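*Asks:* Mind looking over this structure? Questions follow.
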Number of protein chains: 2
Amino acid sequence: MSPTQARSTTTRARILSAAQAQFAKDGYERATIRAVASLAGTDPALVIRYYGSKEGLFAAATHFDLCLPSLDHVAHADIGETLVRHFLALWEGNPADPSLRILLRAAVTHAEAATRIRGLFAEQVLPAIRVVAPDRPALRAGLVASQILGLALCRYILEVPPLVDMKPDDVIACIAPTLQRYLAAPLDGGFTANA
Amino acid sequence: MSPTQARSTTTRARILSAAQAQFAKDGYERATIRAVASLAGTDPALVIRYYGSKEGLFAAATHFDLCLPSLDHVAHADIGETLVRHFLALWEGNPADPSLRILLRAAVTHAEAATRIRGLFAEQVLPAIRVVAPDRPALRAGLVASQILGLALCRYILEVPPLVDMKPDDVIACIAPTLQRYLAAPLDGGFTANA
DNA sequence: GTCTATAATTCGATAGAC
DNA sequence: GTCTATCGAATTATAGAC
């Protein structure tokens, strides 16, 4: 690789990293090409040159994988805790992946981001759930999504007390039983018969 | 009231109603003064004249009350169902109050809207919960917020299947036990001791 | 009380020099 | 490969006629 090409790839990477930071902080509309370029220490024109448009930059900034663990290798009574622990690690890991924060911030006003989130649960969470809960897996995945995304919204975006200040293990202790019920509750009793 | 004043107040009301519709549909940034004026059948300048600025218009468009029922008048085993049923009615009532949808759409990128949502739970949900659950009411209110807002996000904003197409009673049947546990679970066992 | 015209910014995106 | 300069469009907000 020639020196100019090497500088190019590092600049590209700096721009992408800056874009992720800006999208995560401000959402899609408020994040500007100019701010991204400034944070990356480069020029707005280069951002467009490398990623085509703001939409292209956003698409590049939100490619990722949930890396869900295989749920059939954990004790059936622990699948709820396993799931919430995995998601918390994804949000608070070192370094934390900004992709989920970006998608959640953007999805409420950005149709493509909303589609992406639906895709994450349909293509990654749902199959993992189907393995351990063959009955009504889509309903279970939707309920899991509502609690996981609601927790993320309150803890990381809205910063609702006391959720925002709780230790991860305490959050897990509160939320895990909910997910466990969504994943393992019998259809009669816990759930309605027609859902 | 003179005829001109009467026309003024109706125009004011039309603008406010149009603003609520636009904010609910597009979020804060994408909703424009022009679009609000157009929907209200009037002029962009009038919007500013009446509400001062876009921020002032937004503040006026999100004044409302959750109108929570008093939880100490329902059977203790039914408080979870009562809460989720009330929130669903708020979202899907006829006519549905757009305020919650506006706040949720805006809160992820609008600091004041996020503060408003925190205020709703702190000033209206928390006191109602304190009456029926004196131990750790703030924690319980936060957990309730995470599930209620997560449900609203998935059902009304992201339109996650199958949540978006479920009948209200089926949603209630799935979510009520979760809220019931958040509201009534003993601190040892259901929750961690240090949360 | 209402509207036309426009000021003042700010944005995404492009053209072209170096 | 990078940057300067700028275009064209959109926005909020204002000034002033009717």
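Convention: chains lettered A, B, ... in structure tokens order; per-chain residue numbering from 1; ligands numbered from 1 as shown.
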Write out as number ranges by chain all residues of region 65-160 of chain B that backbone DSSP assigns to helix (DSSP H, G or I).
*Replies:* B: 71-73, 76-92, 99-107, 111-132, 137-157
*Asks:* Name all residues at most 10 Å from DA15 (chain C) (count only C-alpha atoms (C1' of nucleotides); drop same-chain ones fewer than 3 positions away) and give them as a tab-separated table (two decimals) with N, CA and C atoms (P, O5', C5', C4', C3', O3' and C1' of nucleotides), in the first residue's frame.
*Replies:*
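Generated file (out_8.tsv):
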chain	number	residue	atom	x	y	z
D	5	DA	P	-10.32	30.16	0.16
D	5	DA	O5'	-11.51	30.06	-0.88
D	5	DA	C5'	-11.24	29.66	-2.22
D	5	DA	C4'	-12.56	29.47	-2.97
D	5	DA	C3'	-13.68	30.41	-2.51
D	5	DA	O3'	-14.20	31.11	-3.62
D	5	DA	C1'	-14.44	28.16	-2.54
D	6	DT	P	-15.41	32.20	-3.37
D	6	DT	O5'	-16.70	31.36	-3.81
D	6	DT	C5'	-16.57	30.39	-4.85
D	6	DT	C4'	-17.78	29.51	-4.89
D	6	DT	C3'	-19.12	30.22	-4.58
D	6	DT	O3'	-19.98	30.06	-5.67
D	6	DT	C1'	-18.99	28.14	-3.50
D	7	DC	P	-21.27	30.99	-5.82
D	7	DC	O5'	-22.24	30.10	-6.73
D	7	DC	C5'	-21.69	28.93	-7.38
D	7	DC	C4'	-22.63	27.75	-7.17
D	7	DC	C3'	-24.10	28.15	-7.13
D	7	DC	O3'	-24.82	27.42	-8.11
D	7	DC	C1'	-23.55	26.75	-5.28
*Asks:* Tell me which protein, DNA and RNA residues are within 9 Å of region 11-23 of chain A, counting only C-alpha atoms (C1' of nucleotides), leaving out same-chain ones fewer than 4 positions away, and put them as a count of residues only.
*Replies:* 33
*Asks:* Would you list which chain A residues are within 8 Å of chain D using only C-alpha atoms (C1' of nucleotides), as a PyMOL selection string?
*Replies:* chain A and resi 4-5+8+43+46
*Asks:* Save the residues we just selected, N, CA, C and O atoms, as an mmCIF file, in the first residue's frame?
*Replies:*
data_model
loop_
_atom_site.group_PDB
_atom_site.id
_atom_site.type_symbol
_atom_site.label_atom_id
_atom_site.label_comp_id
_atom_site.auth_asym_id
_atom_site.auth_seq_id
_atom_site.Cartn_x
_atom_site.Cartn_y
_atom_site.Cartn_z
ATOM 1 N N THR A 4 0.154 7.382 0.213
ATOM 2 C CA THR A 4 -1.086 8.155 0.032
ATOM 3 C C THR A 4 -2.315 7.301 0.301
ATOM 4 O O THR A 4 -3.279 7.750 0.895
ATOM 5 N N GLN A 5 -2.236 6.033 -0.154
ATOM 6 C CA GLN A 5 -3.364 5.140 0.119
ATOM 7 C C GLN A 5 -3.517 4.890 1.614
ATOM 8 O O GLN A 5 -4.632 4.822 2.129
ATOM 9 N N SER A 8 -5.130 7.706 3.126
ATOM 10 C CA SER A 8 -6.539 7.686 2.752
ATOM 11 C C SER A 8 -7.365 6.790 3.669
ATOM 12 O O SER A 8 -8.417 7.189 4.167
ATOM 13 N N ASP A 43 -11.883 17.607 6.086
ATOM 14 C CA ASP A 43 -12.715 18.551 5.352
ATOM 15 C C ASP A 43 -14.092 17.961 5.026
ATOM 16 O O ASP A 43 -14.200 16.766 4.727
ATOM 17 N N LEU A 46 -14.394 15.883 1.867
ATOM 18 C CA LEU A 46 -13.857 14.523 1.883
ATOM 19 C C LEU A 46 -14.889 13.526 2.394
ATOM 20 O O LEU A 46 -14.929 12.375 1.955
#
*Asks:* Please return, as an MDAnalysis selection string, all residues of chain B lying within 7 Å of chain A when only C-alpha atoms are considered.
*Replies:* chainID B and resid 26:27 29 105 108:109 114 118 138:139 142 146:147 149:151 154 157:158 160:163 166 170 173:174 178 190:192 195
*Asks:* Go through chain C and flag each residue having an atom no more than 9 Å from chain A; for those, report the closest pair of atoms plus their distance in Å to one decimal, using only C-alpha atoms (C1' of nucleotides), ordered by chain and rising number, as a Markdown table.
*Replies:*
| residue | atom | partner | partner_atom | distance |
| --- | --- | --- | --- | --- |
| C:DC11 | C1' | A:Thr32 | CA | 7.8 |
| C:DG12 | C1' | A:Ile33 | CA | 7.8 |
| C:DA13 | C1' | A:Ile48 | CA | 7.5 |
| C:DT14 | C1' | A:Ala45 | CA | 8.8 |
*Asks:* Would you output that residue set with all heavy atoms, as a PDB file, in the first residue's frame?
*Replies:*
ATOM      1  P    DC C  11     -25.152  23.786  10.198  1.00  0.00           P
ATOM      2  OP1  DC C  11     -25.233  23.054  11.469  1.00  0.00           O
ATOM      3  OP2  DC C  11     -23.879  24.437   9.790  1.00  0.00           O
ATOM      4  O5'  DC C  11     -25.619  22.821   9.019  1.00  0.00           O
ATOM      5  C5'  DC C  11     -26.976  22.361   9.001  1.00  0.00           C
ATOM      6  C4'  DC C  11     -27.376  21.986   7.591  1.00  0.00           C
ATOM      7  O4'  DC C  11     -27.427  23.172   6.773  1.00  0.00           O
ATOM      8  C3'  DC C  11     -26.386  21.078   6.882  1.00  0.00           C
ATOM      9  O3'  DC C  11     -26.734  19.719   7.095  1.00  0.00           O
ATOM     10  C2'  DC C  11     -26.557  21.456   5.406  1.00  0.00           C
ATOM     11  C1'  DC C  11     -27.228  22.807   5.436  1.00  0.00           C
ATOM     12  N1   DC C  11     -26.424  23.903   4.800  1.00  0.00           N
ATOM     13  C2   DC C  11     -26.665  24.243   3.464  1.00  0.00           C
ATOM     14  O2   DC C  11     -27.530  23.610   2.837  1.00  0.00           O
ATOM     15  N3   DC C  11     -25.939  25.235   2.900  1.00  0.00           N
ATOM     16  C4   DC C  11     -25.020  25.882   3.626  1.00  0.00           C
ATOM     17  N4   DC C  11     -24.346  26.852   3.040  1.00  0.00           N
ATOM     18  C5   DC C  11     -24.768  25.538   4.991  1.00  0.00           C
ATOM     19  C6   DC C  11     -25.480  24.553   5.535  1.00  0.00           C
ATOM     20  P    DG C  12     -25.638  18.575   6.758  1.00  0.00           P
ATOM     21  OP1  DG C  12     -26.034  17.394   7.553  1.00  0.00           O
ATOM     22  OP2  DG C  12     -24.297  19.166   6.908  1.00  0.00           O
ATOM     23  O5'  DG C  12     -25.888  18.281   5.209  1.00  0.00           O
ATOM     24  C5'  DG C  12     -27.163  17.879   4.774  1.00  0.00           C
ATOM     25  C4'  DG C  12     -27.216  17.853   3.259  1.00  0.00           C
ATOM     26  O4'  DG C  12     -26.883  19.172   2.743  1.00  0.00           O
ATOM     27  C3'  DG C  12     -26.230  16.885   2.603  1.00  0.00           C
ATOM     28  O3'  DG C  12     -26.852  16.217   1.508  1.00  0.00           O
ATOM     29  C2'  DG C  12     -25.094  17.781   2.138  1.00  0.00           C
ATOM     30  C1'  DG C  12     -25.806  19.097   1.844  1.00  0.00           C
ATOM     31  N9   DG C  12     -24.970  20.265   2.077  1.00  0.00           N
ATOM     32  C8   DG C  12     -24.276  20.564   3.215  1.00  0.00           C
ATOM     33  N7   DG C  12     -23.611  21.687   3.139  1.00  0.00           N
ATOM     34  C5   DG C  12     -23.877  22.156   1.858  1.00  0.00           C
ATOM     35  C6   DG C  12     -23.424  23.336   1.207  1.00  0.00           C
ATOM     36  O6   DG C  12     -22.688  24.216   1.640  1.00  0.00           O
ATOM     37  N1   DG C  12     -23.952  23.419  -0.095  1.00  0.00           N
ATOM     38  C2   DG C  12     -24.787  22.499  -0.670  1.00  0.00           C
ATOM     39  N2   DG C  12     -25.174  22.749  -1.918  1.00  0.00           N
ATOM     40  N3   DG C  12     -25.213  21.401  -0.069  1.00  0.00           N
ATOM     41  C4   DG C  12     -24.718  21.283   1.192  1.00  0.00           C
ATOM     42  P    DA C  13     -26.060  15.041   0.770  1.00  0.00           P
ATOM     43  OP1  DA C  13     -27.058  14.125   0.176  1.00  0.00           O
ATOM     44  OP2  DA C  13     -25.043  14.517   1.709  1.00  0.00           O
ATOM     45  O5'  DA C  13     -25.311  15.784  -0.419  1.00  0.00           O
ATOM     46  C5'  DA C  13     -26.103  16.502  -1.377  1.00  0.00           C
ATOM     47  C4'  DA C  13     -25.191  17.318  -2.271  1.00  0.00           C
ATOM     48  O4'  DA C  13     -24.576  18.375  -1.511  1.00  0.00           O
ATOM     49  C3'  DA C  13     -24.052  16.539  -2.941  1.00  0.00           C
ATOM     50  O3'  DA C  13     -24.295  16.450  -4.336  1.00  0.00           O
ATOM     51  C2'  DA C  13     -22.793  17.352  -2.607  1.00  0.00           C
ATOM     52  C1'  DA C  13     -23.340  18.681  -2.118  1.00  0.00           C
ATOM     53  N9   DA C  13     -22.506  19.339  -1.105  1.00  0.00           N
ATOM     54  C8   DA C  13     -22.164  18.866   0.127  1.00  0.00           C
ATOM     55  N7   DA C  13     -21.392  19.682   0.825  1.00  0.00           N
ATOM     56  C5   DA C  13     -21.211  20.767  -0.032  1.00  0.00           C
ATOM     57  C6   DA C  13     -20.503  21.963   0.110  1.00  0.00           C
ATOM     58  N6   DA C  13     -19.806  22.282   1.208  1.00  0.00           N
ATOM     59  N1   DA C  13     -20.533  22.833  -0.931  1.00  0.00           N
ATOM     60  C2   DA C  13     -21.226  22.504  -2.012  1.00  0.00           C
ATOM     61  N3   DA C  13     -21.933  21.410  -2.260  1.00  0.00           N
ATOM     62  C4   DA C  13     -21.890  20.571  -1.212  1.00  0.00           C
ATOM     63  P    DT C  14     -23.195  15.763  -5.282  1.00  0.00           P
ATOM     64  OP1  DT C  14     -23.943  15.132  -6.390  1.00  0.00           O
ATOM     65  OP2  DT C  14     -22.255  14.975  -4.463  1.00  0.00           O
ATOM     66  O5'  DT C  14     -22.419  17.021  -5.869  1.00  0.00           O
ATOM     67  C5'  DT C  14     -23.172  18.152  -6.300  1.00  0.00           C
ATOM     68  C4'  DT C  14     -22.245  19.196  -6.903  1.00  0.00           C
ATOM     69  O4'  DT C  14     -21.589  19.939  -5.848  1.00  0.00           O
ATOM     70  C3'  DT C  14     -21.124  18.646  -7.790  1.00  0.00           C
ATOM     71  O3'  DT C  14     -21.113  19.350  -9.024  1.00  0.00           O
ATOM     72  C2'  DT C  14     -19.851  18.870  -6.966  1.00  0.00           C
ATOM     73  C1'  DT C  14     -20.220  20.095  -6.150  1.00  0.00           C
ATOM     74  N1   DT C  14     -19.497  20.210  -4.849  1.00  0.00           N
ATOM     75  C2   DT C  14     -18.803  21.372  -4.573  1.00  0.00           C
ATOM     76  O2   DT C  14     -18.748  22.311  -5.330  1.00  0.00           O
ATOM     77  N3   DT C  14     -18.173  21.366  -3.343  1.00  0.00           N
ATOM     78  C4   DT C  14     -18.171  20.344  -2.413  1.00  0.00           C
ATOM     79  O4   DT C  14     -17.573  20.457  -1.358  1.00  0.00           O
ATOM     80  C5   DT C  14     -18.913  19.169  -2.774  1.00  0.00           C
ATOM     81  C7   DT C  14     -18.963  18.010  -1.829  1.00  0.00           C
ATOM     82  C6   DT C  14     -19.528  19.145  -3.962  1.00  0.00           C
TER      83       DT C  14
END
*Asks:* Do you have the CA of Leu66 (chain B)-CA of Leu88 (chain B) distance handy?
*Replies:* 11.5 Å
*Asks:* Please compute the CA of Leu68 (chain B)-CA of Ala89 (chain B) distance, one decimal, in Å.
*Replies:*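 Distance reported for this atom pair: 11.1 Å.
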